[in-house]
Amino acid sequence: MVEPYPSVSLKDALVKRRGKPILGPIDLALSGTGFTIVLGPNGAGKTTLLKVLHGVERLSKGVVAWSVPDAQARQMQAYVFQSPIMLRRSVRQNLAYPLQLLGEDKAAIASKVTDWARRIGLEEALDRPAPRLSGGERQKLALGRALIRSPQVLFLDEPCANLDGRSTREIEALLQDAQAAGTRIIMTTHDLGQARRLASDLVFLLHGRLHEQGEASAFFATPRTSEAKAFLEGDIVE
Amino acid sequence: MNEIWAGIQAAFRLIVTLDADLVEITLRSLQVSLSALVIASLIALPFGTWLAIRRFRYRRATIATLNALMGLPPVVVGLIVYLMLSRSGPFGVLGLLFTPTAMIIAQVIIITPLIASITHQAMRELWAEYHDLLISLNTSKRQRIATLIWDGRRTLLTAALAGFGRAIGEVGAIMIVGGNIDHATRVLTTAIALETGKGDFALALGLGFVLIALALLVNFAIHALSRTEREGTW
């Protein structure tokens, strides 16, 4: 089990690139346990929101406030990118890397690596070069590498984009296991079916602005805005 | 053509008979160039990597200067090191002039910018690939540099070998600071220059072939030890 996670809030948060706002101004609070899905069309600011929350994207204005000191909050988080970044090392060394950064002892690292390789179905591939894995395997490895540190908060940026049904199912199962173990998950997706399967609560973004936030069941049953309704019906939302 | 054939014969004879002078100057060539390579690599690899990941005000100017320093004329380096180490120079008291140490210092100055510049180029690409992951994992600057150097080690080997190639073939600077003293500072390149000056082209060519063979041997040995081709796809 992981430790209870911290809560986070954005206050008047704004991100600009070349003078043009790509996210915000936005006020948002995420607390409690759960599986938050960030929905929205392309260019809505989903990835930017995740990066702002994770602290890898700087705000032009406003604040990100964690309920714990920033340095502690960063240690509690992990992030899985849409295109998994593989270290030019073996699968084993990729899994071990985050634990080595934390200075864990070799025996503990070896044990956790073996365990996680089994969980992500790569125990036979431990000594293969990670960059040579298939797309689905790479995404599972990226997820395992993120979860091996037992993060309290896990950010995922469309982790199942371009994956087939089987790989998507395997990744969803890993995410549900992580959530059951106490990891707070915040994930972007384009896949409405996946959002319905996984989300406990939902954030709907459009043009960098927060359009809706609330329980997933309520959002899918009775969206409050016409844009959200159109998005759920599969219409093109601009 | 006759000189080339005579040179091959001379090289063969020198190697087969394990000529004492040849062995001595070959070992000294290796000692000087490998020492310079190790010292330059210890400076250039972390510096080139640091330059790839760090943003600061005069970064572009620093990179441009580094690239320009790759073309440092060895003779000028030799002259400056000579003036620094000569009896009236600031480091004259150390008594290093006309010693292998002075030759190592000159070679370090010549090859450090070359290794650092190639390292910077290679690490810039790797940093672009790893940037988001290493930032996300909250790594320290030291951890980032260590990760990039480790994962880019095969590319960095090329940088080091380029440095070794420049060092082992260098003659201008080490001639000035070493003095080409027999049994003291004579190395393969300075011996070749001497024999050419004396008109003994066969011996000069023979030493030249030994020098080429030595450079190739060191390259092959380093590639074999680092298993470049066996795990070479990342």
# chains A, B, ... in the order shown; residues from 1 in each chain; ligands from 1

call {"tool": "select_by_dssp", "arguments": {"residues": "segment 3-195 of chain A", "states": "alpha helix (DSSP H)", "output": "PyMOL selection string"}}
result
chain A and resi 46-54+70-75+91-101+106-119+135-147+165-180+192-195

call {"tool": "interface_residues", "arguments": {"of": "chain B", "to": "chain A", "cutoff": "8 Å", "atoms": "only C-alpha atoms", "output": "list in words"}}
result
Glu129, Tyr130, Asp132, Leu133, Ile135, Ser136, Leu137, Asn138, Thr139, Gln143, Asp151 and Trp234 of chain B

call {"tool": "write_last_selection", "arguments": {"atoms": "C-alpha atoms", "output": "PDB file, in the first residue's frame"}}
result
ATOM      1  CA  GLU B 129      15.412  12.476 -25.930  1.00  0.00           C
ATOM      2  CA  TYR B 130      15.676  12.123 -22.138  1.00  0.00           C
ATOM      3  CA  ASP B 132      11.112  15.104 -20.010  1.00  0.00           C
ATOM      4  CA  LEU B 133      11.826  11.802 -18.273  1.00  0.00           C
ATOM      5  CA  ILE B 135      12.946  16.244 -15.242  1.00  0.00           C
ATOM      6  CA  SER B 136       9.881  14.195 -14.320  1.00  0.00           C
ATOM      7  CA  LEU B 137      11.970  11.866 -12.149  1.00  0.00           C
ATOM      8  CA  ASN B 138      13.206  14.920 -10.257  1.00  0.00           C
ATOM      9  CA  THR B 139      16.855  14.121 -10.943  1.00  0.00           C
ATOM     10  CA  GLN B 143      22.380  12.534 -11.783  1.00  0.00           C
ATOM     11  CA  ASP B 151      23.794   5.938 -21.710  1.00  0.00           C
ATOM     12  CA  TRP B 234      21.275   1.897 -28.553  1.00  0.00           C
TER      13      TRP B 234
END

call {"tool": "residues_around", "arguments": {"residues": "Asp200 of chain B", "least_positions_apart": "6", "cutoff": "12 Å", "atoms": "only C-alpha atoms", "output": "PyMOL selection string"}}
result
chain B and resi 3-4+6-7+10+191-194+206-207

call {"tool": "select_by_dssp", "arguments": {"residues": "segment 66-226 of chain A", "states": "strand (DSSP E)", "output": "number ranges by chain"}}
result
A: 66, 77-80, 153-157, 184-188, 201-206, 209-215

call {"tool": "write_last_selection", "arguments": {"atoms": "C-alpha atoms", "output": "mmCIF file, in the first residue's frame"}}
result
data_model
loop_
_atom_site.group_PDB
_atom_site.id
_atom_site.type_symbol
_atom_site.label_atom_id
_atom_site.label_comp_id
_atom_site.auth_asym_id
_atom_site.auth_seq_id
_atom_site.Cartn_x
_atom_site.Cartn_y
_atom_site.Cartn_z
ATOM 1 C CA TRP A 66 0.082 21.094 -3.108
ATOM 2 C CA GLN A 77 4.519 11.721 -8.125
ATOM 3 C CA ALA A 78 5.224 9.824 -11.299
ATOM 4 C CA TYR A 79 4.432 10.648 -14.912
ATOM 5 C CA VAL A 80 3.905 8.451 -17.952
ATOM 6 C CA VAL A 153 -0.079 10.433 -7.529
ATOM 7 C CA LEU A 154 0.346 9.071 -11.042
ATOM 8 C CA PHE A 155 -0.098 11.265 -14.115
ATOM 9 C CA LEU A 156 -0.676 9.569 -17.459
ATOM 10 C CA ASP A 157 -0.853 11.335 -20.804
ATOM 11 C CA ARG A 184 -4.293 8.626 -7.092
ATOM 12 C CA ILE A 185 -4.479 8.592 -10.887
ATOM 13 C CA ILE A 186 -4.914 11.602 -13.153
ATOM 14 C CA MET A 187 -5.013 10.682 -16.815
ATOM 15 C CA THR A 188 -5.838 12.262 -20.157
ATOM 16 C CA ASP A 201 -14.358 11.844 -11.633
ATOM 17 C CA LEU A 202 -13.830 13.937 -14.696
ATOM 18 C CA VAL A 203 -12.349 17.204 -15.881
ATOM 19 C CA PHE A 204 -13.543 18.500 -19.250
ATOM 20 C CA LEU A 205 -11.352 21.092 -20.950
ATOM 21 C CA LEU A 206 -12.013 23.152 -24.041
ATOM 22 C CA ARG A 209 -10.548 26.461 -20.090
ATOM 23 C CA LEU A 210 -12.238 24.259 -17.520
ATOM 24 C CA HIS A 211 -15.741 23.563 -18.781
ATOM 25 C CA GLU A 212 -16.859 20.887 -16.362
ATOM 26 C CA GLN A 213 -15.548 19.024 -13.357
ATOM 27 C CA GLY A 214 -17.337 16.471 -11.237
ATOM 28 C CA GLU A 215 -18.305 12.855 -10.796
#

call {"tool": "atom_distance", "arguments": {"atom1": "atom CA of Thr65 of chain B", "atom2": "atom CA of Ser86 of chain B"}}
result
27.5 Å

call {"tool": "residues_around", "arguments": {"residues": "Ile111 of chain B", "least_positions_apart": "2", "cutoff": "9 Å", "atoms": "only C-alpha atoms", "output": "number ranges by chain"}}
result
B: 36-37, 40-41, 44, 70, 106-109, 113-116, 162-164, 166-167

call {"tool": "atom_distance", "arguments": {"atom1": "atom CA of Ala228 of chain A", "atom2": "atom CA of Pro41 of chain A"}}
result
10.3 Å

call {"tool": "residues_around", "arguments": {"residues": "segment 152-159 of chain B", "least_positions_apart": "5", "cutoff": "7 Å", "atoms": "only C-alpha atoms", "output": "list in words"}}
result
Ile115, Ile118, Thr119, Ala122 and Thr228 of chain B

call {"tool": "write_last_selection", "arguments": {"atoms": "C-alpha atoms", "output": "PDB file, in the first residue's frame"}}
result
ATOM      1  CA  ILE B 115      36.446  15.795 -27.096  1.00  0.00           C
ATOM      2  CA  ILE B 118      31.923  16.132 -29.921  1.00  0.00           C
ATOM      3  CA  THR B 119      30.547  15.234 -26.480  1.00  0.00           C
ATOM      4  CA  ALA B 122      26.161  13.878 -28.904  1.00  0.00           C
ATOM      5  CA  THR B 228      30.538  -1.502 -29.242  1.00  0.00           C
TER       6      THR B 228
END

call {"tool": "residues_around", "arguments": {"residues": "segment 11-17 of chain A", "least_positions_apart": "6", "cutoff": "6 Å", "atoms": "only C-alpha atoms", "output": "PyMOL selection string"}}
result
chain A and resi 23-27+59-63

call {"tool": "closest_residue", "arguments": {"among": "A:Arg197, A:Leu50, A:Ser150, A:His207", "to": "Leu99 of chain A", "atoms": "only C-alpha atoms"}}
result
A:Ser150

call {"tool": "atom_distance", "arguments": {"atom1": "atom CA of Asn67 of chain B", "atom2": "atom CA of Ser117 of chain B"}}
result
6.0 Å

call {"tool": "residues_around", "arguments": {"residues": "segment 93-96 of chain B", "least_positions_apart": "4", "cutoff": "10 Å", "atoms": "only C-alpha atoms", "output": "VMD selection string"}}
result
chain B and resid 82 84 to 89 100 to 103 105 177 to 178

call {"tool": "write_last_selection", "arguments": {"atoms": "N, CA and C atoms", "output": "PDB file, in the first residue's frame"}}
result
ATOM      1  N   TYR B  82      55.404  26.139 -23.713  1.00  0.00           N
ATOM      2  CA  TYR B  82      56.853  26.339 -23.553  1.00  0.00           C
ATOM      3  C   TYR B  82      57.130  27.572 -22.692  1.00  0.00           C
ATOM      4  N   MET B  84      55.147  29.065 -20.639  1.00  0.00           N
ATOM      5  CA  MET B  84      54.648  28.890 -19.266  1.00  0.00           C
ATOM      6  C   MET B  84      55.618  28.051 -18.427  1.00  0.00           C
ATOM      7  N   LEU B  85      56.204  27.039 -19.086  1.00  0.00           N
ATOM      8  CA  LEU B  85      57.037  26.088 -18.342  1.00  0.00           C
ATOM      9  C   LEU B  85      58.527  26.444 -18.356  1.00  0.00           C
ATOM     10  N   SER B  86      58.880  27.389 -19.222  1.00  0.00           N
ATOM     11  CA  SER B  86      60.314  27.720 -19.298  1.00  0.00           C
ATOM     12  C   SER B  86      60.775  28.349 -17.978  1.00  0.00           C
ATOM     13  N   ARG B  87      62.066  28.368 -17.792  1.00  0.00           N
ATOM     14  CA  ARG B  87      62.626  28.792 -16.503  1.00  0.00           C
ATOM     15  C   ARG B  87      62.120  30.176 -16.068  1.00  0.00           C
ATOM     16  N   SER B  88      61.899  31.062 -17.064  1.00  0.00           N
ATOM     17  CA  SER B  88      61.439  32.414 -16.725  1.00  0.00           C
ATOM     18  C   SER B  88      59.906  32.504 -16.682  1.00  0.00           C
ATOM     19  N   GLY B  89      59.220  31.430 -17.011  1.00  0.00           N
ATOM     20  CA  GLY B  89      57.742  31.439 -17.026  1.00  0.00           C
ATOM     21  C   GLY B  89      57.152  31.220 -15.640  1.00  0.00           C
ATOM     22  N   PRO B 100      58.171  14.274 -20.411  1.00  0.00           N
ATOM     23  CA  PRO B 100      56.889  13.742 -20.919  1.00  0.00           C
ATOM     24  C   PRO B 100      55.681  14.453 -20.302  1.00  0.00           C
ATOM     25  N   THR B 101      55.803  14.935 -19.073  1.00  0.00           N
ATOM     26  CA  THR B 101      54.685  15.648 -18.442  1.00  0.00           C
ATOM     27  C   THR B 101      54.317  16.898 -19.235  1.00  0.00           C
ATOM     28  N   ALA B 102      55.329  17.627 -19.702  1.00  0.00           N
ATOM     29  CA  ALA B 102      55.065  18.821 -20.515  1.00  0.00           C
ATOM     30  C   ALA B 102      54.347  18.439 -21.808  1.00  0.00           C
ATOM     31  N   MET B 103      54.753  17.294 -22.379  1.00  0.00           N
ATOM     32  CA  MET B 103      54.099  16.834 -23.613  1.00  0.00           C
ATOM     33  C   MET B 103      52.641  16.470 -23.346  1.00  0.00           C
ATOM     34  N   ILE B 105      50.750  17.783 -20.991  1.00  0.00           N
ATOM     35  CA  ILE B 105      50.017  19.052 -20.783  1.00  0.00           C
ATOM     36  C   ILE B 105      49.630  19.655 -22.133  1.00  0.00           C
ATOM     37  N   VAL B 177      57.758  21.431 -26.684  1.00  0.00           N
ATOM     38  CA  VAL B 177      57.832  21.319 -25.214  1.00  0.00           C
ATOM     39  C   VAL B 177      58.618  20.080 -24.759  1.00  0.00           C
ATOM     40  N   GLY B 178      58.736  19.092 -25.658  1.00  0.00           N
ATOM     41  CA  GLY B 178      59.467  17.876 -25.286  1.00  0.00           C
ATOM     42  C   GLY B 178      60.918  17.917 -25.725  1.00  0.00           C
TER      43      GLY B 178
END

call {"tool": "decode", "arguments": {"residues": "segment 13-52 of chain B", "atoms": "C-alpha atoms", "output": "short mmCIF file (atom, residue, chain, number, x, y, z; two decimals), in the first residue's frame"}}
result
data_model
loop_
_atom_site.label_atom_id
_atom_site.label_comp_id
_atom_site.auth_asym_id
_atom_site.auth_seq_id
_atom_site.Cartn_x
_atom_site.Cartn_y
_atom_site.Cartn_z
CA ARG B 13 62.40 -5.57 -39.43
CA LEU B 14 61.91 -3.18 -36.50
CA ILE B 15 58.86 -5.05 -35.26
CA VAL B 16 60.16 -8.58 -35.75
CA THR B 17 63.47 -7.85 -34.04
CA LEU B 18 61.65 -5.92 -31.29
CA ASP B 19 64.12 -3.08 -31.77
CA ALA B 20 64.85 -1.62 -28.33
CA ASP B 21 64.63 1.99 -29.48
CA LEU B 22 61.37 1.34 -31.28
CA VAL B 23 59.85 -0.33 -28.22
CA GLU B 24 60.97 2.55 -26.04
CA ILE B 25 59.56 5.35 -28.19
CA THR B 26 56.38 3.38 -28.92
CA LEU B 27 55.73 2.89 -25.22
CA ARG B 28 56.47 6.57 -24.59
CA SER B 29 54.07 7.58 -27.39
CA LEU B 30 51.39 5.44 -25.79
CA GLN B 31 52.15 6.70 -22.30
CA VAL B 32 51.95 10.35 -23.33
CA SER B 33 48.89 10.09 -25.58
CA LEU B 34 46.87 7.76 -23.33
CA SER B 35 47.65 9.91 -20.28
CA ALA B 36 46.56 13.00 -22.18
CA LEU B 37 43.43 11.18 -23.33
CA VAL B 38 42.44 10.11 -19.82
CA ILE B 39 42.98 13.60 -18.36
CA ALA B 40 41.23 15.34 -21.27
CA SER B 41 38.30 12.90 -21.09
CA LEU B 42 37.90 13.51 -17.35
CA ILE B 43 37.56 17.22 -18.13
CA ALA B 44 35.78 17.17 -21.48
CA LEU B 45 33.10 14.50 -21.02
CA PRO B 46 31.41 16.09 -17.97
CA PHE B 47 31.95 19.59 -19.36
CA GLY B 48 30.45 18.77 -22.79
CA THR B 49 27.50 17.05 -21.11
CA TRP B 50 26.99 19.92 -18.67
CA LEU B 51 27.02 22.32 -21.60
CA ALA B 52 24.29 20.26 -23.29
#
